[in-house]
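Next comes coords20.cif, with mmCIF, N, CA and C atoms, pLDDT in the B column; chains and numbers go by the auth columns.
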data_target
#
loop_
_atom_site.group_PDB
_atom_site.id
_atom_site.type_symbol
_atom_site.label_atom_id
_atom_site.label_comp_id
_atom_site.label_asym_id
_atom_site.label_seq_id
_atom_site.Cartn_x
_atom_site.Cartn_y
_atom_site.Cartn_z
_atom_site.B_iso_or_equiv
_atom_site.auth_seq_id
_atom_site.auth_asym_id
ATOM 1 N N MET A 1 -6.221 1.075 -19.088 95.00 1 W
ATOM 2 C CA MET A 1 -5.132 0.407 -18.416 95.00 1 W
ATOM 3 C C MET A 1 -5.421 0.384 -16.923 95.00 1 W
ATOM 4 N N PHE A 2 -5.073 -0.726 -16.312 96.00 2 W
ATOM 5 C CA PHE A 2 -5.219 -0.879 -14.871 96.00 2 W
ATOM 6 C C PHE A 2 -3.881 -1.305 -14.299 96.00 2 W
ATOM 7 N N VAL A 3 -3.423 -0.624 -13.251 96.00 3 W
ATOM 8 C CA VAL A 3 -2.162 -0.952 -12.594 96.00 3 W
ATOM 9 C C VAL A 3 -2.444 -1.293 -11.144 96.00 3 W
ATOM 10 N N TYR A 4 -1.904 -2.402 -10.702 96.00 4 W
ATOM 11 C CA TYR A 4 -2.031 -2.814 -9.311 96.00 4 W
ATOM 12 C C TYR A 4 -0.651 -2.751 -8.673 96.00 4 W
ATOM 13 N N LEU A 5 -0.499 -1.943 -7.628 95.00 5 W
ATOM 14 C CA LEU A 5 0.762 -1.855 -6.890 95.00 5 W
ATOM 15 C C LEU A 5 0.827 -2.969 -5.869 95.00 5 W
ATOM 16 N N ILE A 6 1.933 -3.699 -5.869 95.00 6 W
ATOM 17 C CA ILE A 6 2.130 -4.821 -4.956 95.00 6 W
ATOM 18 C C ILE A 6 3.259 -4.444 -3.994 95.00 6 W
ATOM 19 N N PRO A 7 2.963 -4.328 -2.704 93.00 7 W
ATOM 20 C CA PRO A 7 4.020 -3.959 -1.758 93.00 7 W
ATOM 21 C C PRO A 7 5.091 -5.038 -1.674 93.00 7 W
ATOM 22 N N LYS A 8 6.345 -4.601 -1.580 89.00 8 W
ATOM 23 C CA LYS A 8 7.458 -5.528 -1.419 89.00 8 W
ATOM 24 C C LYS A 8 7.779 -5.699 0.054 89.00 8 W
ATOM 25 N N THR A 9 8.383 -6.805 0.393 86.00 9 W
ATOM 26 C CA THR A 9 8.857 -7.020 1.750 86.00 9 W
ATOM 27 C C THR A 9 9.997 -6.041 2.011 86.00 9 W
ATOM 28 N N PRO A 10 9.935 -5.283 3.102 80.00 10 W
ATOM 29 C CA PRO A 10 11.008 -4.316 3.376 80.00 10 W
ATOM 30 C C PRO A 10 12.356 -4.999 3.558 80.00 10 W
ATOM 31 N N LYS A 11 13.403 -4.392 2.999 79.00 11 W
ATOM 32 C CA LYS A 11 14.774 -4.874 3.153 79.00 11 W
ATOM 33 C C LYS A 11 15.683 -3.679 3.379 79.00 11 W
ATOM 34 N N PRO A 12 16.724 -3.851 4.171 80.00 12 W
ATOM 35 C CA PRO A 12 17.666 -2.747 4.380 80.00 12 W
ATOM 36 C C PRO A 12 18.323 -2.329 3.067 80.00 12 W
ATOM 37 N N ASN A 13 18.593 -1.051 2.931 77.00 13 W
ATOM 38 C CA ASN A 13 19.294 -0.486 1.769 77.00 13 W
ATOM 39 C C ASN A 13 18.543 -0.659 0.456 77.00 13 W
ATOM 40 N N ARG A 14 17.237 -0.767 0.506 73.00 14 W
ATOM 41 C CA ARG A 14 16.457 -0.881 -0.730 73.00 14 W
ATOM 42 C C ARG A 14 15.371 0.188 -0.699 73.00 14 W
ATOM 43 N N ASN A 15 15.382 1.061 -1.694 75.00 15 W
ATOM 44 C CA ASN A 15 14.420 2.150 -1.742 75.00 15 W
ATOM 45 C C ASN A 15 13.091 1.755 -2.363 75.00 15 W
ATOM 46 N N GLN A 16 13.100 0.820 -3.294 73.00 16 W
ATOM 47 C CA GLN A 16 11.869 0.462 -3.976 73.00 16 W
ATOM 48 C C GLN A 16 10.906 -0.213 -3.013 73.00 16 W
ATOM 49 N N LYS A 17 9.666 0.257 -3.034 89.00 17 W
ATOM 50 C CA LYS A 17 8.663 -0.262 -2.116 89.00 17 W
ATOM 51 C C LYS A 17 7.629 -1.138 -2.809 89.00 17 W
ATOM 52 N N TYR A 18 7.591 -1.102 -4.146 91.00 18 W
ATOM 53 C CA TYR A 18 6.540 -1.808 -4.878 91.00 18 W
ATOM 54 C C TYR A 18 7.072 -2.452 -6.160 91.00 18 W
ATOM 55 N N ILE A 19 6.325 -3.445 -6.610 90.00 19 W
ATOM 56 C CA ILE A 19 6.347 -3.875 -7.999 90.00 19 W
ATOM 57 C C ILE A 19 4.914 -3.659 -8.477 90.00 19 W
ATOM 58 N N SER A 20 4.678 -3.727 -9.771 93.00 20 W
ATOM 59 C CA SER A 20 3.319 -3.472 -10.248 93.00 20 W
ATOM 60 C C SER A 20 2.938 -4.425 -11.372 93.00 20 W
ATOM 61 N N TYR A 21 1.660 -4.653 -11.451 94.00 21 W
ATOM 62 C CA TYR A 21 1.077 -5.502 -12.486 94.00 21 W
ATOM 63 C C TYR A 21 0.184 -4.619 -13.345 94.00 21 W
ATOM 64 N N LEU A 22 0.466 -4.578 -14.628 94.00 22 W
ATOM 65 C CA LEU A 22 -0.316 -3.800 -15.595 94.00 22 W
ATOM 66 C C LEU A 22 -1.199 -4.757 -16.383 94.00 22 W
ATOM 67 N N THR A 23 -2.485 -4.459 -16.420 95.00 23 W
ATOM 68 C CA THR A 23 -3.426 -5.335 -17.118 95.00 23 W
ATOM 69 C C THR A 23 -4.520 -4.499 -17.777 95.00 23 W
ATOM 70 N N ASN A 24 -5.352 -5.144 -18.546 94.00 24 W
ATOM 71 C CA ASN A 24 -6.476 -4.502 -19.231 94.00 24 W
ATOM 72 C C ASN A 24 -6.035 -3.309 -20.083 94.00 24 W
ATOM 73 N N VAL A 25 -4.955 -3.501 -20.818 93.00 25 W
ATOM 74 C CA VAL A 25 -4.462 -2.463 -21.721 93.00 25 W
ATOM 75 C C VAL A 25 -5.220 -2.608 -23.028 93.00 25 W
ATOM 76 N N TYR A 26 -5.968 -1.584 -23.365 90.00 26 W
ATOM 77 C CA TYR A 26 -6.817 -1.672 -24.548 90.00 26 W
ATOM 78 C C TYR A 26 -7.078 -0.277 -25.088 90.00 26 W
ATOM 79 N N THR A 27 -7.023 -0.164 -26.400 90.00 27 W
ATOM 80 C CA THR A 27 -7.399 1.081 -27.074 90.00 27 W
ATOM 81 C C THR A 27 -8.498 0.739 -28.073 90.00 27 W
ATOM 82 N N ARG A 28 -9.573 1.471 -28.052 92.00 28 W
ATOM 83 C CA ARG A 28 -10.643 1.241 -29.019 92.00 28 W
ATOM 84 C C ARG A 28 -10.106 1.412 -30.430 92.00 28 W
ATOM 85 N N LYS A 29 -10.655 0.637 -31.327 92.00 29 W
ATOM 86 C CA LYS A 29 -10.156 0.581 -32.699 92.00 29 W
ATOM 87 C C LYS A 29 -10.036 1.960 -33.346 92.00 29 W
ATOM 88 N N GLU A 30 -11.015 2.828 -33.140 95.00 30 W
ATOM 89 C CA GLU A 30 -10.995 4.143 -33.790 95.00 30 W
ATOM 90 C C GLU A 30 -9.907 5.063 -33.241 95.00 30 W
ATOM 91 N N TYR A 31 -9.298 4.702 -32.101 92.00 31 W
ATOM 92 C CA TYR A 31 -8.249 5.528 -31.500 92.00 31 W
ATOM 93 C C TYR A 31 -6.858 4.910 -31.615 92.00 31 W
ATOM 94 N N ARG A 32 -6.747 3.748 -32.223 89.00 32 W
ATOM 95 C CA ARG A 32 -5.452 3.079 -32.346 89.00 32 W
ATOM 96 C C ARG A 32 -4.541 3.806 -33.329 89.00 32 W
ATOM 97 N N ASN A 33 -3.243 3.579 -33.139 91.00 33 W
ATOM 98 C CA ASN A 33 -2.191 4.149 -33.991 91.00 33 W
ATOM 99 C C ASN A 33 -2.167 5.674 -33.950 91.00 33 W
ATOM 100 N N LYS A 34 -2.568 6.236 -32.809 95.00 34 W
ATOM 101 C CA LYS A 34 -2.515 7.691 -32.624 95.00 34 W
ATOM 102 C C LYS A 34 -1.670 8.052 -31.405 95.00 34 W
ATOM 103 N N ASN A 35 -0.894 7.102 -30.915 95.00 35 W
ATOM 104 C CA ASN A 35 0.002 7.271 -29.767 95.00 35 W
ATOM 105 C C ASN A 35 -0.717 7.459 -28.437 95.00 35 W
ATOM 106 N N ILE A 36 -2.004 7.264 -28.386 95.00 36 W
ATOM 107 C CA ILE A 36 -2.750 7.459 -27.146 95.00 36 W
ATOM 108 C C ILE A 36 -2.311 6.436 -26.092 95.00 36 W
ATOM 109 N N GLY A 37 -2.230 5.173 -26.467 94.00 37 W
ATOM 110 C CA GLY A 37 -1.807 4.134 -25.533 94.00 37 W
ATOM 111 C C GLY A 37 -0.384 4.345 -25.056 94.00 37 W
ATOM 112 N N THR A 38 0.498 4.718 -25.955 95.00 38 W
ATOM 113 C CA THR A 38 1.897 4.967 -25.601 95.00 38 W
ATOM 114 C C THR A 38 2.011 6.151 -24.647 95.00 38 W
ATOM 115 N N GLU A 39 1.270 7.212 -24.903 96.00 39 W
ATOM 116 C CA GLU A 39 1.312 8.377 -24.014 96.00 39 W
ATOM 117 C C GLU A 39 0.762 8.029 -22.633 96.00 39 W
ATOM 118 N N LEU A 40 -0.299 7.260 -22.578 95.00 40 W
ATOM 119 C CA LEU A 40 -0.852 6.846 -21.295 95.00 40 W
ATOM 120 C C LEU A 40 0.141 5.951 -20.545 95.00 40 W
ATOM 121 N N LEU A 41 0.780 5.040 -21.262 95.00 41 W
ATOM 122 C CA LEU A 41 1.776 4.179 -20.640 95.00 41 W
ATOM 123 C C LEU A 41 2.940 5.001 -20.089 95.00 41 W
ATOM 124 N N GLU A 42 3.394 6.016 -20.809 95.00 42 W
ATOM 125 C CA GLU A 42 4.470 6.878 -20.321 95.00 42 W
ATOM 126 C C GLU A 42 4.059 7.583 -19.036 95.00 42 W
ATOM 127 N N TYR A 43 2.831 8.059 -18.986 96.00 43 W
ATOM 128 C CA TYR A 43 2.319 8.698 -17.771 96.00 43 W
ATOM 129 C C TYR A 43 2.343 7.706 -16.608 96.00 43 W
ATOM 130 N N ILE A 44 1.897 6.491 -16.855 96.00 44 W
ATOM 131 C CA ILE A 44 1.867 5.465 -15.817 96.00 44 W
ATOM 132 C C ILE A 44 3.282 5.153 -15.337 96.00 44 W
ATOM 133 N N LYS A 45 4.229 5.033 -16.257 95.00 45 W
ATOM 134 C CA LYS A 45 5.617 4.753 -15.875 95.00 45 W
ATOM 135 C C LYS A 45 6.192 5.867 -15.003 95.00 45 W
ATOM 136 N N GLU A 46 5.926 7.096 -15.356 95.00 46 W
ATOM 137 C CA GLU A 46 6.399 8.228 -14.558 95.00 46 W
ATOM 138 C C GLU A 46 5.751 8.218 -13.172 95.00 46 W
ATOM 139 N N TYR A 47 4.459 7.968 -13.122 95.00 47 W
ATOM 140 C CA TYR A 47 3.758 7.901 -11.845 95.00 47 W
ATOM 141 C C TYR A 47 4.348 6.806 -10.960 95.00 47 W
ATOM 142 N N LEU A 48 4.561 5.620 -11.530 93.00 48 W
ATOM 143 C CA LEU A 48 5.090 4.507 -10.752 93.00 48 W
ATOM 144 C C LEU A 48 6.504 4.792 -10.257 93.00 48 W
ATOM 145 N N ALA A 49 7.310 5.472 -11.040 92.00 49 W
ATOM 146 C CA ALA A 49 8.653 5.836 -10.598 92.00 49 W
ATOM 147 C C ALA A 49 8.572 6.722 -9.351 92.00 49 W
ATOM 148 N N LYS A 50 7.629 7.630 -9.322 94.00 50 W
ATOM 149 C CA LYS A 50 7.445 8.513 -8.154 94.00 50 W
ATOM 150 C C LYS A 50 6.938 7.743 -6.932 94.00 50 W
ATOM 151 N N GLN A 51 6.350 6.581 -7.146 91.00 51 W
ATOM 152 C CA GLN A 51 5.837 5.751 -6.053 91.00 51 W
ATOM 153 C C GLN A 51 6.867 4.741 -5.571 91.00 51 W
ATOM 154 N N ASP A 52 8.122 4.864 -6.018 89.00 52 W
ATOM 155 C CA ASP A 52 9.188 3.923 -5.663 89.00 52 W
ATOM 156 C C ASP A 52 8.879 2.506 -6.135 89.00 52 W
ATOM 157 N N CYS A 53 8.364 2.404 -7.339 90.00 53 W
ATOM 158 C CA CYS A 53 8.050 1.104 -7.935 90.00 53 W
ATOM 159 C C CYS A 53 9.280 0.594 -8.690 90.00 53 W
ATOM 160 N N GLU A 54 9.638 -0.653 -8.451 89.00 54 W
ATOM 161 C CA GLU A 54 10.831 -1.238 -9.056 89.00 54 W
ATOM 162 C C GLU A 54 10.605 -1.736 -10.473 89.00 54 W
ATOM 163 N N LEU A 55 9.465 -2.343 -10.734 91.00 55 W
ATOM 164 C CA LEU A 55 9.218 -2.885 -12.070 91.00 55 W
ATOM 165 C C LEU A 55 7.730 -2.999 -12.342 91.00 55 W
ATOM 166 N N ILE A 56 7.418 -3.131 -13.624 93.00 56 W
ATOM 167 C CA ILE A 56 6.053 -3.358 -14.090 93.00 56 W
ATOM 168 C C ILE A 56 6.070 -4.702 -14.810 93.00 56 W
ATOM 169 N N PHE A 57 5.161 -5.578 -14.460 91.00 57 W
ATOM 170 C CA PHE A 57 5.086 -6.812 -15.239 91.00 57 W
ATOM 171 C C PHE A 57 3.727 -6.930 -15.904 91.00 57 W
ATOM 172 N N VAL A 58 3.741 -7.598 -17.060 92.00 58 W
ATOM 173 C CA VAL A 58 2.543 -7.783 -17.886 92.00 58 W
ATOM 174 C C VAL A 58 2.556 -9.193 -18.458 92.00 58 W
ATOM 175 N N TRP A 59 1.406 -9.656 -18.849 90.00 59 W
ATOM 176 C CA TRP A 59 1.268 -10.874 -19.645 90.00 59 W
ATOM 177 C C TRP A 59 0.691 -10.427 -20.983 90.00 59 W
ATOM 178 N N PRO A 60 1.558 -10.108 -21.940 89.00 60 W
ATOM 179 C CA PRO A 60 1.052 -9.575 -23.211 89.00 60 W
ATOM 180 C C PRO A 60 0.423 -10.653 -24.091 89.00 60 W
ATOM 181 N N SER A 61 -0.540 -10.216 -24.867 89.00 61 W
ATOM 182 C CA SER A 61 -1.084 -11.105 -25.898 89.00 61 W
ATOM 183 C C SER A 61 -0.086 -11.147 -27.057 89.00 61 W
ATOM 184 N N ARG A 62 -0.264 -12.073 -27.941 88.00 62 W
ATOM 185 C CA ARG A 62 0.626 -12.139 -29.119 88.00 62 W
ATOM 186 C C ARG A 62 0.593 -10.837 -29.909 88.00 62 W
ATOM 187 N N ASN A 63 -0.573 -10.228 -30.005 89.00 63 W
ATOM 188 C CA ASN A 63 -0.705 -8.989 -30.780 89.00 63 W
ATOM 189 C C ASN A 63 -0.021 -7.802 -30.126 89.00 63 W
ATOM 190 N N SER A 64 0.214 -7.847 -28.828 90.00 64 W
ATOM 191 C CA SER A 64 0.769 -6.680 -28.145 90.00 64 W
ATOM 192 C C SER A 64 2.257 -6.787 -27.811 90.00 64 W
ATOM 193 N N VAL A 65 2.889 -7.919 -28.072 90.00 65 W
ATOM 194 C CA VAL A 65 4.299 -8.102 -27.727 90.00 65 W
ATOM 195 C C VAL A 65 5.174 -7.009 -28.339 90.00 65 W
ATOM 196 N N ASN A 66 5.013 -6.729 -29.611 92.00 66 W
ATOM 197 C CA ASN A 66 5.849 -5.714 -30.261 92.00 66 W
ATOM 198 C C ASN A 66 5.632 -4.328 -29.669 92.00 66 W
ATOM 199 N N TRP A 67 4.393 -4.002 -29.317 93.00 67 W
ATOM 200 C CA TRP A 67 4.117 -2.702 -28.708 93.00 67 W
ATOM 201 C C TRP A 67 4.848 -2.568 -27.379 93.00 67 W
ATOM 202 N N TYR A 68 4.792 -3.610 -26.556 92.00 68 W
ATOM 203 C CA TYR A 68 5.508 -3.566 -25.282 92.00 68 W
ATOM 204 C C TYR A 68 7.018 -3.445 -25.506 92.00 68 W
ATOM 205 N N MET A 69 7.545 -4.163 -26.459 92.00 69 W
ATOM 206 C CA MET A 69 8.982 -4.083 -26.732 92.00 69 W
ATOM 207 C C MET A 69 9.371 -2.677 -27.212 92.00 69 W
ATOM 208 N N ARG A 70 8.523 -2.062 -28.025 94.00 70 W
ATOM 209 C CA ARG A 70 8.799 -0.683 -28.454 94.00 70 W
ATOM 210 C C ARG A 70 8.758 0.289 -27.283 94.00 70 W
ATOM 211 N N ASN A 71 8.079 -0.089 -26.226 94.00 71 W
ATOM 212 C CA ASN A 71 7.952 0.755 -25.039 94.00 71 W
ATOM 213 C C ASN A 71 8.865 0.282 -23.901 94.00 71 W
ATOM 214 N N ASP A 72 9.985 -0.324 -24.268 92.00 72 W
ATOM 215 C CA ASP A 72 11.079 -0.684 -23.348 92.00 72 W
ATOM 216 C C ASP A 72 10.781 -1.817 -22.378 92.00 72 W
ATOM 217 N N PHE A 73 9.832 -2.675 -22.676 91.00 73 W
ATOM 218 C CA PHE A 73 9.627 -3.875 -21.877 91.00 73 W
ATOM 219 C C PHE A 73 10.518 -4.974 -22.436 91.00 73 W
ATOM 220 N N THR A 74 10.971 -5.865 -21.573 90.00 74 W
ATOM 221 C CA THR A 74 11.789 -7.001 -22.007 90.00 74 W
ATOM 222 C C THR A 74 11.147 -8.288 -21.497 90.00 74 W
ATOM 223 N N ASN A 75 11.595 -9.387 -22.028 86.00 75 W
ATOM 224 C CA ASN A 75 11.092 -10.686 -21.577 86.00 75 W
ATOM 225 C C ASN A 75 12.232 -11.515 -20.997 86.00 75 W
ATOM 226 N N GLU A 76 12.992 -10.906 -20.099 81.00 76 W
ATOM 227 C CA GLU A 76 14.148 -11.574 -19.499 81.00 76 W
ATOM 228 C C GLU A 76 13.767 -12.603 -18.446 81.00 76 W
ATOM 229 N N ASN A 77 12.660 -12.415 -17.780 72.00 77 W
ATOM 230 C CA ASN A 77 12.279 -13.299 -16.681 72.00 77 W
ATOM 231 C C ASN A 77 11.062 -14.127 -17.048 72.00 77 W
ATOM 232 N N GLU A 78 11.068 -15.349 -16.552 69.00 78 W
ATOM 233 C CA GLU A 78 9.900 -16.211 -16.715 69.00 78 W
ATOM 234 C C GLU A 78 9.070 -16.112 -15.433 69.00 78 W
ATOM 235 N N ILE A 79 7.785 -15.965 -15.572 71.00 79 W
ATOM 236 C CA ILE A 79 6.902 -15.941 -14.418 71.00 79 W
ATOM 237 C C ILE A 79 6.140 -17.251 -14.374 71.00 79 W
ATOM 238 N N PHE A 80 6.217 -17.913 -13.260 68.00 80 W
ATOM 239 C CA PHE A 80 5.503 -19.181 -13.077 68.00 80 W
ATOM 240 C C PHE A 80 4.221 -18.906 -12.316 68.00 80 W
ATOM 241 N N GLN A 81 3.248 -19.734 -12.536 69.00 81 W
ATOM 242 C CA GLN A 81 1.991 -19.580 -11.818 69.00 81 W
ATOM 243 C C GLN A 81 1.457 -20.937 -11.429 69.00 81 W
ATOM 244 N N HIS A 82 0.590 -20.939 -10.456 62.00 82 W
ATOM 245 C CA HIS A 82 -0.059 -22.161 -9.987 62.00 82 W
ATOM 246 C C HIS A 82 -1.535 -21.857 -9.788 62.00 82 W
ATOM 247 N N SER A 83 -2.369 -22.616 -10.444 63.00 83 W
ATOM 248 C CA SER A 83 -3.819 -22.432 -10.306 63.00 83 W
ATOM 249 C C SER A 83 -4.330 -23.276 -9.161 63.00 83 W
ATOM 250 N N ILE A 84 -5.072 -22.659 -8.272 71.00 84 W
ATOM 251 C CA ILE A 84 -5.699 -23.366 -7.164 71.00 84 W
ATOM 252 C C ILE A 84 -7.101 -23.756 -7.610 71.00 84 W
ATOM 253 N N LYS A 85 -7.423 -25.011 -7.541 75.00 85 W
ATOM 254 C CA LYS A 85 -8.740 -25.469 -8.005 75.00 85 W
ATOM 255 C C LYS A 85 -9.645 -25.752 -6.848 75.00 85 W
#
Rewrite the structure from the file as structure tokens, please.
Amino acid sequence: MFVYLIPKTPKPNRNQKYISYLTNVYTRKEYRNKNIGTELLEYIKEYLAKQDCELIFVWPSRNSVNWYMRNDFTNENEIFQHSIK
């Protein structure tokens, strides 16, 4: 797993200093279904909370959507992107 902390623009009365992007989440086949990924994700969530991180965003694959949902991720927001060519 790779997490990139993105600094937020400072605002009065706001404690959160970051949002984060989680990518490259992968467990080798022989280690899957042993809670290793979930335990690592929990560690990352705790670490980010200590860093005043407001949220974690991901672009899950179809195969990983249920795993993220089991780990308290939601799909409430749409993220738009623009490719520069």
Which residues would end up in the selection if the PyMOL selection byres ((chain W and resi 21) around 6.5) were applied here, given that I need the answer as a PDB file with N, CA and C atoms, in the coordinates of the input?
ATOM      1  N   PHE W   2      -5.073  -0.726 -16.312  1.00 96.00           N
ATOM      2  CA  PHE W   2      -5.219  -0.879 -14.871  1.00 96.00           C
ATOM      3  C   PHE W   2      -3.881  -1.305 -14.299  1.00 96.00           C
ATOM      4  N   VAL W   3      -3.423  -0.624 -13.251  1.00 96.00           N
ATOM      5  CA  VAL W   3      -2.162  -0.952 -12.594  1.00 96.00           C
ATOM      6  C   VAL W   3      -2.444  -1.293 -11.144  1.00 96.00           C
ATOM      7  N   TYR W   4      -1.904  -2.402 -10.702  1.00 96.00           N
ATOM      8  CA  TYR W   4      -2.031  -2.814  -9.311  1.00 96.00           C
ATOM      9  C   TYR W   4      -0.651  -2.751  -8.673  1.00 96.00           C
ATOM     10  N   LEU W   5      -0.499  -1.943  -7.628  1.00 95.00           N
ATOM     11  CA  LEU W   5       0.762  -1.855  -6.890  1.00 95.00           C
ATOM     12  C   LEU W   5       0.827  -2.969  -5.869  1.00 95.00           C
ATOM     13  N   ILE W   6       1.933  -3.699  -5.869  1.00 95.00           N
ATOM     14  CA  ILE W   6       2.130  -4.821  -4.956  1.00 95.00           C
ATOM     15  C   ILE W   6       3.259  -4.444  -3.994  1.00 95.00           C
ATOM     16  N   ILE W  19       6.325  -3.445  -6.610  1.00 90.00           N
ATOM     17  CA  ILE W  19       6.347  -3.875  -7.999  1.00 90.00           C
ATOM     18  C   ILE W  19       4.914  -3.659  -8.477  1.00 90.00           C
ATOM     19  N   SER W  20       4.678  -3.727  -9.771  1.00 93.00           N
ATOM     20  CA  SER W  20       3.319  -3.472 -10.248  1.00 93.00           C
ATOM     21  C   SER W  20       2.938  -4.425 -11.372  1.00 93.00           C
ATOM     22  N   LEU W  22       0.466  -4.578 -14.628  1.00 94.00           N
ATOM     23  CA  LEU W  22      -0.316  -3.800 -15.595  1.00 94.00           C
ATOM     24  C   LEU W  22      -1.199  -4.757 -16.383  1.00 94.00           C
ATOM     25  N   THR W  23      -2.485  -4.459 -16.420  1.00 95.00           N
ATOM     26  CA  THR W  23      -3.426  -5.335 -17.118  1.00 95.00           C
ATOM     27  C   THR W  23      -4.520  -4.499 -17.777  1.00 95.00           C
ATOM     28  N   LEU W  55       9.465  -2.343 -10.734  1.00 91.00           N
ATOM     29  CA  LEU W  55       9.218  -2.885 -12.070  1.00 91.00           C
ATOM     30  C   LEU W  55       7.730  -2.999 -12.342  1.00 91.00           C
ATOM     31  N   ILE W  56       7.418  -3.131 -13.624  1.00 93.00           N
ATOM     32  CA  ILE W  56       6.053  -3.358 -14.090  1.00 93.00           C
ATOM     33  C   ILE W  56       6.070  -4.702 -14.810  1.00 93.00           C
ATOM     34  N   PHE W  57       5.161  -5.578 -14.460  1.00 91.00           N
ATOM     35  CA  PHE W  57       5.086  -6.812 -15.239  1.00 91.00           C
ATOM     36  C   PHE W  57       3.727  -6.930 -15.904  1.00 91.00           C
ATOM     37  N   VAL W  58       3.741  -7.598 -17.060  1.00 92.00           N
ATOM     38  CA  VAL W  58       2.543  -7.783 -17.886  1.00 92.00           C
ATOM     39  C   VAL W  58       2.556  -9.193 -18.458  1.00 92.00           C
TER      40      VAL W  58
END
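From CA of Arg62 in chain W back to CA of Lys85 in chain W, the distance works out to 26.7 Å.
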Which distance in Å separates atom C of Thr38 in chain W and atom N of Asp72 in chain W, to one decimal?
10.3 Å
Box for range 63-73 of chain W - axis-aligned, 3 Å on each of the six sides, all listed atoms - centre and size in Å to one decimal, as JSON.
{"center_x": 5.2, "center_y": -4.7, "center_z": -26.3, "size_x": 17.8, "size_y": 17.0, "size_z": 14.9}
Chain W: which residues are strand (DSSP E or B) by DSSP, as a list in words?
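Listing strand (DSSP E or B) positions across chain W yields Phe2, Val3, Tyr4, Leu5, Ile6, Pro7, Tyr18, Ile19, Ser20, Tyr21, Leu22, Thr23, Cys53, Glu54, Leu55, Ile56 and Phe57 of chain W.
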Atoms to include: N, CA and C atoms. Write the selected residues as a PDB file, in the frame of the given file.
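Output saved as out_12.pdb:
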ATOM      1  N   PHE W   2      -5.073  -0.726 -16.312  1.00 96.00           N
ATOM      2  CA  PHE W   2      -5.219  -0.879 -14.871  1.00 96.00           C
ATOM      3  C   PHE W   2      -3.881  -1.305 -14.299  1.00 96.00           C
ATOM      4  N   VAL W   3      -3.423  -0.624 -13.251  1.00 96.00           N
ATOM      5  CA  VAL W   3      -2.162  -0.952 -12.594  1.00 96.00           C
ATOM      6  C   VAL W   3      -2.444  -1.293 -11.144  1.00 96.00           C
ATOM      7  N   TYR W   4      -1.904  -2.402 -10.702  1.00 96.00           N
ATOM      8  CA  TYR W   4      -2.031  -2.814  -9.311  1.00 96.00           C
ATOM      9  C   TYR W   4      -0.651  -2.751  -8.673  1.00 96.00           C
ATOM     10  N   LEU W   5      -0.499  -1.943  -7.628  1.00 95.00           N
ATOM     11  CA  LEU W   5       0.762  -1.855  -6.890  1.00 95.00           C
ATOM     12  C   LEU W   5       0.827  -2.969  -5.869  1.00 95.00           C
ATOM     13  N   ILE W   6       1.933  -3.699  -5.869  1.00 95.00           N
ATOM     14  CA  ILE W   6       2.130  -4.821  -4.956  1.00 95.00           C
ATOM     15  C   ILE W   6       3.259  -4.444  -3.994  1.00 95.00           C
ATOM     16  N   PRO W   7       2.963  -4.328  -2.704  1.00 93.00           N
ATOM     17  CA  PRO W   7       4.020  -3.959  -1.758  1.00 93.00           C
ATOM     18  C   PRO W   7       5.091  -5.038  -1.674  1.00 93.00           C
ATOM     19  N   TYR W  18       7.591  -1.102  -4.146  1.00 91.00           N
ATOM     20  CA  TYR W  18       6.540  -1.808  -4.878  1.00 91.00           C
ATOM     21  C   TYR W  18       7.072  -2.452  -6.160  1.00 91.00           C
ATOM     22  N   ILE W  19       6.325  -3.445  -6.610  1.00 90.00           N
ATOM     23  CA  ILE W  19       6.347  -3.875  -7.999  1.00 90.00           C
ATOM     24  C   ILE W  19       4.914  -3.659  -8.477  1.00 90.00           C
ATOM     25  N   SER W  20       4.678  -3.727  -9.771  1.00 93.00           N
ATOM     26  CA  SER W  20       3.319  -3.472 -10.248  1.00 93.00           C
ATOM     27  C   SER W  20       2.938  -4.425 -11.372  1.00 93.00           C
ATOM     28  N   TYR W  21       1.660  -4.653 -11.451  1.00 94.00           N
ATOM     29  CA  TYR W  21       1.077  -5.502 -12.486  1.00 94.00           C
ATOM     30  C   TYR W  21       0.184  -4.619 -13.345  1.00 94.00           C
ATOM     31  N   LEU W  22       0.466  -4.578 -14.628  1.00 94.00           N
ATOM     32  CA  LEU W  22      -0.316  -3.800 -15.595  1.00 94.00           C
ATOM     33  C   LEU W  22      -1.199  -4.757 -16.383  1.00 94.00           C
ATOM     34  N   THR W  23      -2.485  -4.459 -16.420  1.00 95.00           N
ATOM     35  CA  THR W  23      -3.426  -5.335 -17.118  1.00 95.00           C
ATOM     36  C   THR W  23      -4.520  -4.499 -17.777  1.00 95.00           C
ATOM     37  N   CYS W  53       8.364   2.404  -7.339  1.00 90.00           N
ATOM     38  CA  CYS W  53       8.050   1.104  -7.935  1.00 90.00           C
ATOM     39  C   CYS W  53       9.280   0.594  -8.690  1.00 90.00           C
ATOM     40  N   GLU W  54       9.638  -0.653  -8.451  1.00 89.00           N
ATOM     41  CA  GLU W  54      10.831  -1.238  -9.056  1.00 89.00           C
ATOM     42  C   GLU W  54      10.605  -1.736 -10.473  1.00 89.00           C
ATOM     43  N   LEU W  55       9.465  -2.343 -10.734  1.00 91.00           N
ATOM     44  CA  LEU W  55       9.218  -2.885 -12.070  1.00 91.00           C
ATOM     45  C   LEU W  55       7.730  -2.999 -12.342  1.00 91.00           C
ATOM     46  N   ILE W  56       7.418  -3.131 -13.624  1.00 93.00           N
ATOM     47  CA  ILE W  56       6.053  -3.358 -14.090  1.00 93.00           C
ATOM     48  C   ILE W  56       6.070  -4.702 -14.810  1.00 93.00           C
ATOM     49  N   PHE W  57       5.161  -5.578 -14.460  1.00 91.00           N
ATOM     50  CA  PHE W  57       5.086  -6.812 -15.239  1.00 91.00           C
ATOM     51  C   PHE W  57       3.727  -6.930 -15.904  1.00 91.00           C
TER      52      PHE W  57
END
Give the answer as one residue: which of W:Arg32, W:Lys17, W:Asp52, W:Leu41 has the shortest atom-to-atom distance to Arg70 in chain W, using only C-alpha atoms?
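Once distances to Arg70 in chain W are computed over only C-alpha atoms, the minimum belongs to W:Leu41.
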So which residues touch Gln16 in chain W within 7 Å, counting only N, CA and C atoms, skipping near sequence neighbours fewer than 4 positions away, as a list in words?
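Those residues are Lys8, Gln51, Asp52, Cys53 and Glu54 of chain W.
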